[in-house]
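Next comes entry33.tsv, with TSV, C-alpha atoms.
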```tsv
chain	number	residue	atom	x	y	z
A	1	MET	CA	136.38	53.51	151.25
A	2	MET	CA	138.32	56.67	150.44
A	3	ARG	CA	140.18	54.87	147.62
A	4	ARG	CA	136.87	53.77	146.00
A	5	ASN	CA	135.52	57.34	146.07
A	6	GLU	CA	138.69	58.60	144.42
A	7	GLN	CA	138.41	55.91	141.68
A	8	THR	CA	134.77	56.88	140.95
A	9	ARG	CA	135.70	60.57	140.71
A	10	ARG	CA	138.56	59.76	138.32
A	11	ARG	CA	136.23	57.65	136.11
A	12	ARG	CA	133.63	60.51	135.88
A	13	ALA	CA	136.14	63.19	134.85
A	14	GLY	CA	135.96	63.97	131.01
A	15	PHE	CA	133.43	62.64	128.43
A	16	THR	CA	132.72	59.21	127.13
A	17	LEU	CA	133.11	58.58	123.39
A	18	ALA	CA	129.31	58.48	122.98
A	19	GLU	CA	128.91	61.86	124.70
A	20	ALA	CA	131.61	63.43	122.56
A	21	GLY	CA	130.00	61.90	119.43
A	22	VAL	CA	126.57	63.33	120.29
A	23	ALA	CA	128.09	66.76	121.03
A	24	VAL	CA	130.01	66.80	117.71
A	25	ALA	CA	126.93	65.62	115.75
A	26	THR	CA	124.79	68.31	117.40
A	27	ALA	CA	127.42	70.97	116.70
A	28	VAL	CA	127.61	69.88	113.05
A	29	ILE	CA	123.80	70.02	112.67
A	30	VAL	CA	123.56	73.43	114.37
A	31	PHE	CA	126.50	74.79	112.34
A	32	GLY	CA	124.94	73.46	109.14
A	33	LEU	CA	121.60	75.07	109.93
A	34	ALA	CA	123.27	78.35	110.85
A	35	MET	CA	125.32	78.34	107.62
A	36	GLY	CA	122.20	77.59	105.58
A	37	VAL	CA	120.35	80.48	107.18
A	38	LEU	CA	123.34	82.81	106.78
A	39	MET	CA	123.68	81.95	103.09
A	40	LYS	CA	119.95	82.45	102.55
A	41	THR	CA	120.13	85.76	104.43
A	42	ASN	CA	123.04	86.85	102.27
A	43	GLN	CA	121.10	86.02	99.08
A	44	THR	CA	118.00	87.81	100.39
A	45	VAL	CA	119.99	90.91	101.35
A	46	ASN	CA	121.68	90.99	97.91
A	47	ARG	CA	118.34	90.59	96.15
A	48	SER	CA	116.77	93.21	98.38
A	49	LEU	CA	119.60	95.71	97.71
A	50	SER	CA	119.40	95.09	93.97
A	51	HIS	CA	115.64	95.50	94.12
A	52	GLU	CA	115.91	98.75	96.11
A	53	SER	CA	118.34	100.10	93.55
A	54	LEU	CA	115.99	99.08	90.69
A	55	LEU	CA	113.01	100.77	92.36
A	56	GLN	CA	115.01	103.90	93.17
A	57	GLN	CA	116.25	104.22	89.56
A	58	ALA	CA	112.70	103.71	88.25
A	59	GLU	CA	111.32	106.39	90.56
A	60	LEU	CA	114.12	108.80	89.65
A	61	GLY	CA	113.58	108.14	85.95
A	62	MET	CA	109.85	108.73	86.26
A	63	LYS	CA	110.47	111.95	88.22
A	64	GLU	CA	112.81	113.20	85.48
A	65	ILE	CA	110.26	112.39	82.74
A	66	ARG	CA	107.44	114.03	84.72
A	67	SER	CA	109.43	117.22	85.34
A	68	VAL	CA	110.34	117.46	81.64
A	69	VAL	CA	106.79	116.81	80.39
A	70	GLU	CA	105.03	119.00	82.97
A	71	ALA	CA	107.25	121.96	82.00
A	72	THR	CA	106.34	121.60	78.30
A	73	ALA	CA	106.47	124.81	76.31
A	74	TRP	CA	104.51	124.68	73.04
A	75	PRO	CA	106.10	126.11	69.87
A	76	ASP	CA	103.74	129.14	70.02
A	77	ASP	CA	105.58	130.15	73.17
A	78	PHE	CA	108.76	130.51	71.10
A	79	ALA	CA	107.41	133.32	68.93
A	80	THR	CA	109.62	135.75	70.81
A	81	SER	CA	112.58	133.42	71.35
A	82	GLY	CA	114.28	134.40	68.07
A	83	SER	CA	115.12	130.86	66.95
A	84	ALA	CA	113.06	128.29	65.09
A	85	PRO	CA	112.10	125.45	67.43
A	86	THR	CA	112.76	121.83	66.50
A	87	PRO	CA	109.48	120.09	65.55
A	88	LEU	CA	107.69	118.20	68.30
A	89	VAL	CA	107.73	114.38	68.17
A	90	PHE	CA	104.96	112.17	69.60
A	91	GLY	CA	106.02	108.59	68.87
A	92	LYS	CA	105.48	105.20	70.46
A	93	ASP	CA	108.95	105.05	71.98
A	94	ARG	CA	110.10	108.63	71.43
A	95	LEU	CA	108.91	111.98	72.74
A	96	GLY	CA	110.49	115.26	71.64
A	97	ILE	CA	109.23	118.44	73.30
A	98	TRP	CA	110.29	121.95	74.21
A	99	SER	CA	110.55	122.41	77.93
A	100	SER	CA	111.59	125.14	80.33
A	101	HIS	CA	113.13	122.46	82.53
A	102	ASN	CA	116.76	123.04	81.60
A	103	PRO	CA	119.00	121.94	84.45
A	104	ALA	CA	122.03	123.76	83.00
A	105	SER	CA	120.67	127.28	82.46
A	106	GLY	CA	117.04	127.24	83.58
A	107	ARG	CA	116.04	128.40	80.07
A	108	PHE	CA	114.17	126.53	77.33
A	109	CYS	CA	115.65	123.34	76.03
A	110	PHE	CA	114.57	120.69	73.49
A	111	PHE	CA	114.22	117.35	75.20
A	112	THR	CA	114.11	113.99	73.48
A	113	LEU	CA	113.11	111.01	75.60
A	114	ARG	CA	113.87	107.89	73.58
A	115	MET	CA	115.11	104.31	73.46
A	116	THR	CA	118.64	103.40	72.39
A	117	PRO	CA	120.20	99.92	71.82
A	118	GLY	CA	122.80	100.53	74.60
A	119	ASP	CA	125.76	98.29	75.44
A	120	LYS	CA	125.61	94.57	74.54
A	121	GLY	CA	122.21	95.08	72.90
A	122	LYS	CA	120.55	95.90	76.24
A	123	PRO	CA	117.89	98.55	75.61
A	124	ARG	CA	118.38	101.81	77.46
A	125	ALA	CA	116.22	104.92	77.80
A	126	VAL	CA	117.92	108.27	77.44
A	127	CYS	CA	117.03	111.92	77.84
A	128	GLU	CA	118.82	114.20	75.35
A	129	ARG	CA	118.92	117.97	75.57
A	130	SER	CA	119.67	120.59	72.93
A	131	LEU	CA	119.50	124.38	73.11
A	132	PRO	CA	117.59	126.60	70.64
A	133	GLY	CA	120.77	128.02	69.08
A	134	GLY	CA	122.10	124.52	68.30
A	135	THR	CA	125.00	124.68	70.78
A	136	PRO	CA	125.05	121.53	72.88
A	137	PRO	CA	124.49	122.07	76.62
A	138	PRO	CA	126.86	120.51	79.16
A	139	ASN	CA	126.12	116.78	79.65
A	140	PRO	CA	123.56	116.66	76.82
A	141	THR	CA	122.55	113.03	77.44
A	142	THR	CA	121.47	111.34	80.65
A	143	THR	CA	120.46	107.72	81.06
A	144	LEU	CA	117.08	107.01	82.63
A	145	GLY	CA	117.17	103.87	84.74
A	146	GLY	CA	120.90	103.91	85.52
A	147	GLU	CA	122.77	100.75	84.53
A	148	PHE	CA	119.59	98.67	84.19
A	149	GLU	CA	117.91	97.47	81.00
A	150	THR	CA	115.16	100.05	80.49
A	151	THR	CA	112.17	100.18	78.17
A	152	LEU	CA	110.22	103.38	77.63
A	153	SER	CA	106.80	103.64	75.94
A	154	PHE	CA	104.42	106.50	75.30
A	155	ARG	CA	100.77	106.89	74.36
A	156	TYR	CA	98.83	110.08	73.66
A	157	ALA	CA	95.22	111.18	74.11
A	158	THR	CA	93.72	114.26	72.55
A	159	GLN	CA	90.30	113.67	74.12
A	160	VAL	CA	88.68	111.97	77.09
A	161	GLY	CA	85.34	110.18	76.66
A	162	ALA	CA	82.15	110.74	78.63
A	163	ASP	CA	83.07	107.67	80.73
A	164	LEU	CA	86.32	109.46	81.68
A	165	GLN	CA	88.34	106.97	79.56
A	166	PRO	CA	90.98	108.65	77.37
A	167	ALA	CA	91.20	107.56	73.72
A	168	TRP	CA	94.86	106.51	73.66
A	169	GLN	CA	96.86	106.60	70.41
A	170	GLU	CA	100.34	105.23	69.72
A	171	SER	CA	101.49	108.38	67.97
A	172	LEU	CA	100.20	111.80	66.98
A	173	PRO	CA	100.52	113.46	63.59
A	174	ALA	CA	102.40	116.75	63.34
A	175	GLY	CA	100.44	119.77	64.50
A	176	GLN	CA	98.30	117.95	67.08
A	177	LYS	CA	98.71	118.60	70.78
A	178	PRO	CA	97.92	115.85	73.29
A	179	ARG	CA	95.86	116.54	76.39
A	180	LEU	CA	97.34	113.53	78.13
A	181	ILE	CA	100.65	111.70	77.80
A	182	TRP	CA	100.91	108.14	79.11
A	183	VAL	CA	104.39	106.96	80.04
A	184	GLU	CA	105.56	103.48	81.00
A	185	LEU	CA	109.04	102.84	82.34
A	186	LEU	CA	110.07	99.20	82.69
A	187	LEU	CA	113.37	98.39	84.39
A	188	ARG	CA	114.84	94.89	84.39
A	189	GLY	CA	117.60	93.74	86.72
A	190	ALA	CA	120.22	91.07	86.05
A	191	GLU	CA	119.38	87.36	86.32
A	192	TYR	CA	119.43	86.01	89.88
A	193	PRO	CA	122.60	83.89	90.32
A	194	ASP	CA	120.67	81.27	92.34
A	195	MET	CA	117.57	81.28	90.07
A	196	PRO	CA	118.59	81.11	86.39
A	197	GLY	CA	116.02	82.60	84.03
A	198	ARG	CA	114.39	84.75	86.72
A	199	ARG	CA	114.90	88.51	86.75
A	200	ASP	CA	113.66	91.27	88.95
A	201	GLU	CA	111.65	94.00	87.24
A	202	VAL	CA	109.87	97.20	88.16
A	203	ARG	CA	107.12	98.61	85.96
A	204	LEU	CA	105.90	102.16	86.59
A	205	ALA	CA	103.19	103.72	84.44
A	206	THR	CA	101.56	107.10	84.76
A	207	ALA	CA	99.62	109.69	82.79
A	208	ILE	CA	100.48	113.37	82.75
A	209	ALA	CA	97.88	116.02	81.94
A	210	LEU	CA	99.08	118.99	79.89
F	1	MET	CA	120.94	69.76	129.69
F	2	GLU	CA	123.52	72.35	128.57
F	3	VAL	CA	123.42	71.01	125.02
F	4	LEU	CA	119.62	71.27	124.96
F	5	LEU	CA	119.80	74.81	126.27
F	6	GLY	CA	122.35	75.67	123.58
F	7	ILE	CA	120.13	74.19	120.86
F	8	VAL	CA	117.15	76.22	122.10
F	9	VAL	CA	119.20	79.43	122.09
F	10	VAL	CA	120.53	78.78	118.56
F	11	ALA	CA	117.05	77.84	117.32
F	12	LEU	CA	115.62	81.07	118.72
F	13	ALA	CA	118.40	83.08	117.04
F	14	LEU	CA	117.78	81.31	113.69
F	15	TYR	CA	114.03	81.93	114.04
F	16	GLY	CA	114.80	85.63	114.63
F	17	VAL	CA	116.98	85.83	111.51
F	18	LEU	CA	114.37	84.00	109.38
F	19	ASP	CA	111.63	86.28	110.71
F	20	LEU	CA	113.72	89.35	109.85
F	21	MET	CA	114.20	88.00	106.31
F	22	ALA	CA	110.47	87.46	105.89
F	23	ILE	CA	109.72	90.97	107.16
F	24	SER	CA	112.37	92.47	104.87
F	25	GLN	CA	110.88	90.70	101.82
F	26	LYS	CA	107.36	91.79	102.77
F	27	MET	CA	108.45	95.42	103.20
F	28	SER	CA	110.33	95.32	99.90
F	29	GLN	CA	107.24	94.01	98.09
F	30	ARG	CA	105.06	96.64	99.77
F	31	ALA	CA	107.48	99.41	98.73
F	32	ARG	CA	107.33	98.20	95.12
F	33	ARG	CA	103.54	98.08	95.12
F	34	ARG	CA	103.23	101.47	96.78
F	35	ALA	CA	105.58	103.07	94.22
F	36	ALA	CA	103.60	101.61	91.29
F	37	ALA	CA	100.26	102.47	92.96
F	38	VAL	CA	101.24	106.11	93.57
F	39	GLU	CA	102.11	106.53	89.87
F	40	LEU	CA	98.82	104.87	88.87
F	41	ALA	CA	96.82	107.09	91.24
F	42	CYS	CA	98.54	110.19	89.81
F	43	ALA	CA	97.73	108.85	86.31
F	44	LYS	CA	94.02	108.51	87.13
F	45	MET	CA	94.01	111.97	88.70
F	46	ALA	CA	95.54	113.38	85.50
F	47	GLU	CA	92.87	111.58	83.41
F	48	LEU	CA	90.09	112.99	85.61
F	49	ARG	CA	91.58	116.47	85.30
F	50	ALA	CA	91.75	116.05	81.52
F	51	GLY	CA	88.11	114.84	81.54
F	52	GLY	CA	87.12	117.97	83.44
F	53	PHE	CA	84.56	119.08	85.99
F	54	ASP	CA	81.59	118.93	83.59
F	55	ALA	CA	82.22	115.29	82.54
F	56	VAL	CA	82.33	114.22	86.20
F	57	ALA	CA	79.24	116.29	87.05
F	58	ALA	CA	77.34	114.63	84.14
F	59	LEU	CA	78.29	111.13	85.40
F	60	TRP	CA	77.29	112.11	88.94
F	61	ALA	CA	73.89	113.39	87.75
F	62	LYS	CA	73.28	110.13	85.81
F	63	SER	CA	74.23	107.84	88.71
F	64	PRO	CA	71.08	106.75	90.63
F	65	ALA	CA	73.05	105.55	93.69
F	66	ALA	CA	75.04	108.75	94.17
F	67	ALA	CA	74.48	110.82	97.30
F	68	PRO	CA	74.05	114.58	96.80
F	69	GLN	CA	77.37	115.37	98.47
F	70	ASN	CA	79.60	112.52	97.40
F	71	PHE	CA	79.94	110.18	94.45
F	72	TYR	CA	82.10	107.11	93.84
F	73	TYR	CA	83.30	106.33	90.32
F	74	PRO	CA	83.37	103.51	89.35
F	75	ALA	CA	80.79	102.22	91.87
F	76	THR	CA	83.13	99.36	92.84
F	77	PRO	CA	86.93	99.49	92.36
F	78	GLY	CA	87.68	98.95	88.67
F	79	ASP	CA	90.60	97.44	86.76
F	80	PHE	CA	93.08	99.50	84.77
F	81	SER	CA	92.34	99.07	81.09
F	82	PRO	CA	95.09	99.03	78.39
F	83	PRO	CA	97.61	100.51	77.80
F	84	TYR	CA	98.09	100.05	81.56
F	85	ASN	CA	99.62	96.68	82.41
F	86	ALA	CA	98.64	96.81	86.09
F	87	LYS	CA	97.00	93.46	86.83
F	88	PRO	CA	96.88	93.42	90.67
F	89	PHE	CA	95.75	97.06	90.93
F	90	ARG	CA	92.23	98.49	90.98
F	91	TRP	CA	91.10	102.07	91.34
F	92	GLN	CA	88.18	104.14	92.54
F	93	ALA	CA	87.63	107.89	92.75
F	94	ARG	CA	85.55	109.66	95.36
F	95	PHE	CA	84.18	113.11	94.58
F	96	ASP	CA	82.93	115.42	97.32
F	97	ARG	CA	81.08	118.67	96.81
F	98	ASP	CA	80.29	121.33	99.37
F	99	PRO	CA	76.93	123.08	98.66
F	100	LYS	CA	78.62	126.37	99.56
F	101	THR	CA	81.14	125.95	96.73
F	102	PRO	CA	79.25	124.07	93.97
F	103	ASP	CA	81.90	124.83	91.33
F	104	VAL	CA	84.65	122.94	93.15
F	105	MET	CA	84.94	119.19	93.69
F	106	ASN	CA	87.31	117.52	96.06
F	107	VAL	CA	88.69	114.36	94.43
F	108	GLU	CA	90.39	111.40	96.06
F	109	VAL	CA	91.74	108.63	93.82
F	110	ARG	CA	92.52	105.42	95.70
F	111	VAL	CA	94.43	102.51	94.17
F	112	PHE	CA	94.06	99.10	95.84
F	113	TRP	CA	96.25	96.02	95.46
F	114	SER	CA	94.54	93.40	97.64
F	115	PRO	CA	91.46	91.36	96.56
F	116	ALA	CA	89.02	93.36	98.69
F	117	PRO	CA	89.54	95.87	101.45
F	118	PRO	CA	88.63	93.67	104.44
F	119	GLY	CA	86.80	95.99	106.82
F	120	SER	CA	89.28	97.74	109.06
F	121	SER	CA	90.64	101.08	108.00
F	122	ASP	CA	94.12	99.89	109.05
F	123	SER	CA	94.18	97.14	106.42
F	124	ILE	CA	92.88	99.56	103.74
F	125	GLU	CA	95.77	101.89	104.57
F	126	LYS	CA	98.22	99.00	104.22
F	127	SER	CA	96.86	97.76	100.89
F	128	SER	CA	96.11	100.98	99.06
F	129	VAL	CA	97.35	104.49	98.40
F	130	ALA	CA	95.34	107.62	97.75
F	131	VAL	CA	96.09	110.96	96.12
F	132	GLY	CA	93.90	114.02	96.43
F	133	GLY	CA	93.14	117.01	94.28
F	134	LEU	CA	90.51	119.51	93.21
F	135	LEU	CA	88.37	119.83	90.08
F	136	VAL	CA	87.19	123.33	89.33
F	137	LYS	CA	84.43	124.30	86.88
F	138	LYS	CA	85.83	126.44	84.08
```

Take the structure in the file and give it back as structure tokens.
Amino acid sequence: MMRRNEQTRRRRAGFTLAEAGVAVATAVIVFGLAMGVLMKTNQTVNRSLSHESLLQQAELGMKEIRSVVEATAWPDDFATSGSAPTPLVFGKDRLGIWSSHNPASGRFCFFTLRMTPGDKGKPRAVCERSLPGGTPPPNPTTTLGGEFETTLSFRYATQVGADLQPAWQESLPAGQKPRLIWVELLLRGAEYPDMPGRRDEVRLATAIAL
Amino acid sequence: MEVLLGIVVVALALYGVLDLMAISQKMSQRARRRAAAVELACAKMAELRAGGFDAVAALWAKSPAAAPQNFYYPATPGDFSPPYNAKPFRWQARFDRDPKTPDVMNVEVRVFWSPAPPGSSDSIEKSSVAVGGLLVKK
């Protein structure tokens, strides 16, 4: 009787081949699922980080443009400055204005916000500064939109209709002052590695009253 | 039994990770929309300021549905016309006037990005942004 009990116990110790097979198959399935989810999570986190960076650069760029435009000083204000101001420019993809927003000295500065071809033909938006005397300030050019492909467009309105709709124009002739400046900043990220042909983009547009 | 328990635990963990991913994507999309909507609301506020107090007062006087103390323009949230390329966004301004200070208007510009604000104030807050300002008669 005792011998039979001992034999049964010995037979039950360990796993059968079928049990081991089921356990390995289950482990493989669970591991596969977990890997799939981890890879997807990794892609999502990368995309999310890239998107955050794109949004942050767009917001910073827009803040820079707003601070330059809102501090606009019209040429009349330079009557006592002792130097002839550079003419204002109101173009479709270029805006040149005098502004008191001069990060280097706090004094007046001529700002040009414009497009440039950039590296490898990727369009970039830049903000260039020059001082009234012609001497270049420190760091005269900054890039709006960081390392991303950036497109900048402007529109101008000299009047607003009775229906509160501004009459937007692509450019203004010399001597005219806009009442409103419309700015659009479009930032494009790199192509997604897992989705060829698809790119992340952030488009911010605003109007600034002068 | 142990294997089943293990599978349930792993499944719950995977569900948690997937749920976190979905929330992260939703928050990211909301941040993008909010950023664009804030700029658009500031743009509309600038346009209203450029239009001026008198232009708004004239529209208010012409509107048959307007209450004496507040006025919505446009009457229902309107699209952004070109040059704006802002397809999912709509805007509406609310003007309030206190009879004690008739030369000042309180303005709130709200930009929506869902099909229609569905009732509760909570969902309006989550699908729109608003900026405020004043219009003063000159």

Using all atoms listed in the file, pick whichever of F:Cys42, F:Met27, F:Leu18, F:Leu48 has the shortest atom-to-atom distance to Gly161 of chain A.
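Among the listed residues, the smallest separation from Gly161 of chain A belongs to F:Leu48.
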
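Using all atoms listed in the file, the protein and nucleic acid residues lying no more than 10 Å from Val183 of chain A, apart from those fewer than 5 places from it along its own chain, are Met62, Ile65, Arg66, Lys92, Asp93, Leu95, Leu152, Ser153, Phe154, Arg155, Tyr156, Leu204, Ala205, Thr206, Ala207 and Ile208 of chain A; Ala43, Pro83 and Tyr84 of chain F.
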
With a cut-off of 8 Å and counting all atoms listed in the file, select all residues of chain F in contact with chain A and give the selection as a ChimeraX atom specification.
/F:3,7,10,14,17-18,21,24-25,28,32,35-36,39-40,42-44,46-51,55-56,59,83-84

Using only C-alpha atoms, can you tell me which of A:Leu60, A:Ala190, A:Leu185, A:Ala73 comes closest to Lys122 of chain A?
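Going through A:Leu60, A:Ala190, A:Leu185, A:Ala73 one by one, the smallest distance to Lys122 of chain A is for A:Ala190.
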
So which residues fall inside 6 Å of (88.9, 105.1, 95.0) if we count only C-alpha atoms? Mind giving them as a count of residues only?
6

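You will find atom CA of Pro132 of chain A at 11.5 Å from atom CA of Ser100 of chain A.
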
Can you tell me how far atom CA of Arg90 of chain F sits from atom CA of Trp113 of chain F, in Å to one decimal?
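Separation between atom CA of Arg90 of chain F and atom CA of Trp113 of chain F: 6.5 Å.
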
Two-atom distance - atom CA of Phe110 of chain A, atom CA of Pro138 of chain A (Å):
13.5 Å

Of the candidates F:Ala13, F:Val111, F:Leu20, F:Ala31, which one gets nearest to Ala86 of chain F if we count all atoms listed in the file?
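Of all the options, F:Val111 lies closest to Ala86 of chain F.
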
Taking all atoms listed in the file into account, name the residue in A:Leu88, A:Thr150, A:Lys120, A:Ser50 that is nearest to Asp200 of chain A.
A:Ser50

Padding of 8 Å on every side, edges along x, y and z, all listed atoms of segment 71-74 of chain F included: what centre and edge lengths in Å, to one decimal, does that box have, as AutoDock Vina command-line options?
```
--center_x 81.7 --center_y 106.8 --center_z 91.9 --size_x 19.4 --size_y 22.7 --size_z 21.1
```

Residue nearest Val136 of chain F - candidates F:Ile23, F:Met1, F:Val104, F:Ala61, atoms counted: all atoms listed in the file:
F:Val104

May I have the residues within 9 Å of Arg34 of chain F as a PyMOL selection string, using only C-alpha atoms and disregarding those fewer than 3 positions away in the same chain?
chain F and resi 29-31+37-39+113+127-129

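Around Pro140 of chain A, within 10 Å and counting only C-alpha atoms, the residues found are A:Ala104, A:Phe111, A:Cys127, A:Glu128, A:Arg129, A:Ser130, A:Leu131, once anything fewer than 6 positions away on its own chain is removed.
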
Your completed segment 41-54 of chain A with N, CA and C atoms, as a PDB file, keeping the file's coordinate frame:
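Here's the written file part.pdb:
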```
ATOM      1  N   THR A  41     120.228  84.344 104.054  1.00  0.00           N
ATOM      2  CA  THR A  41     120.130  85.760 104.430  1.00  0.00           C
ATOM      3  C   THR A  41     120.965  86.613 103.481  1.00  0.00           C
ATOM      4  N   ASN A  42     122.154  86.124 103.174  1.00  0.00           N
ATOM      5  CA  ASN A  42     123.040  86.850 102.270  1.00  0.00           C
ATOM      6  C   ASN A  42     122.380  87.046 100.904  1.00  0.00           C
ATOM      7  N   GLN A  43     121.787  85.932 100.390  1.00  0.00           N
ATOM      8  CA  GLN A  43     121.100  86.020  99.080  1.00  0.00           C
ATOM      9  C   GLN A  43     119.946  87.009  99.149  1.00  0.00           C
ATOM     10  N   THR A  44     119.157  86.925 100.253  1.00  0.00           N
ATOM     11  CA  THR A  44     118.000  87.810 100.390  1.00  0.00           C
ATOM     12  C   THR A  44     118.442  89.262 100.457  1.00  0.00           C
ATOM     13  N   VAL A  45     119.511  89.525 101.214  1.00  0.00           N
ATOM     14  CA  VAL A  45     119.990  90.910 101.350  1.00  0.00           C
ATOM     15  C   VAL A  45     120.467  91.416  99.985  1.00  0.00           C
ATOM     16  N   ASN A  46     121.213  90.573  99.245  1.00  0.00           N
ATOM     17  CA  ASN A  46     121.680  90.990  97.910  1.00  0.00           C
ATOM     18  C   ASN A  46     120.519  91.302  96.989  1.00  0.00           C
ATOM     19  N   ARG A  47     119.510  90.411  97.015  1.00  0.00           N
ATOM     20  CA  ARG A  47     118.340  90.590  96.150  1.00  0.00           C
ATOM     21  C   ARG A  47     117.593  91.866  96.552  1.00  0.00           C
ATOM     22  N   SER A  48     117.491  92.065  97.867  1.00  0.00           N
ATOM     23  CA  SER A  48     116.770  93.210  98.380  1.00  0.00           C
ATOM     24  C   SER A  48     117.488  94.508  97.986  1.00  0.00           C
ATOM     25  N   LEU A  49     118.830  94.518  98.082  1.00  0.00           N
ATOM     26  CA  LEU A  49     119.600  95.710  97.710  1.00  0.00           C
ATOM     27  C   LEU A  49     119.453  96.005  96.224  1.00  0.00           C
ATOM     28  N   SER A  50     119.531  94.918  95.419  1.00  0.00           N
ATOM     29  CA  SER A  50     119.400  95.090  93.970  1.00  0.00           C
ATOM     30  C   SER A  50     118.000  95.614  93.643  1.00  0.00           C
ATOM     31  N   HIS A  51     117.007  95.070  94.364  1.00  0.00           N
ATOM     32  CA  HIS A  51     115.640  95.500  94.120  1.00  0.00           C
ATOM     33  C   HIS A  51     115.439  96.966  94.505  1.00  0.00           C
ATOM     34  N   GLU A  52     116.021  97.360  95.659  1.00  0.00           N
ATOM     35  CA  GLU A  52     115.910  98.750  96.110  1.00  0.00           C
ATOM     36  C   GLU A  52     116.498  99.682  95.067  1.00  0.00           C
ATOM     37  N   SER A  53     117.659  99.275  94.537  1.00  0.00           N
ATOM     38  CA  SER A  53     118.340 100.100  93.550  1.00  0.00           C
ATOM     39  C   SER A  53     117.483 100.227  92.276  1.00  0.00           C
ATOM     40  N   LEU A  54     116.862  99.097  91.878  1.00  0.00           N
ATOM     41  CA  LEU A  54     115.990  99.080  90.690  1.00  0.00           C
ATOM     42  C   LEU A  54     114.800 100.037  90.881  1.00  0.00           C
TER      43      LEU A  54
END
```
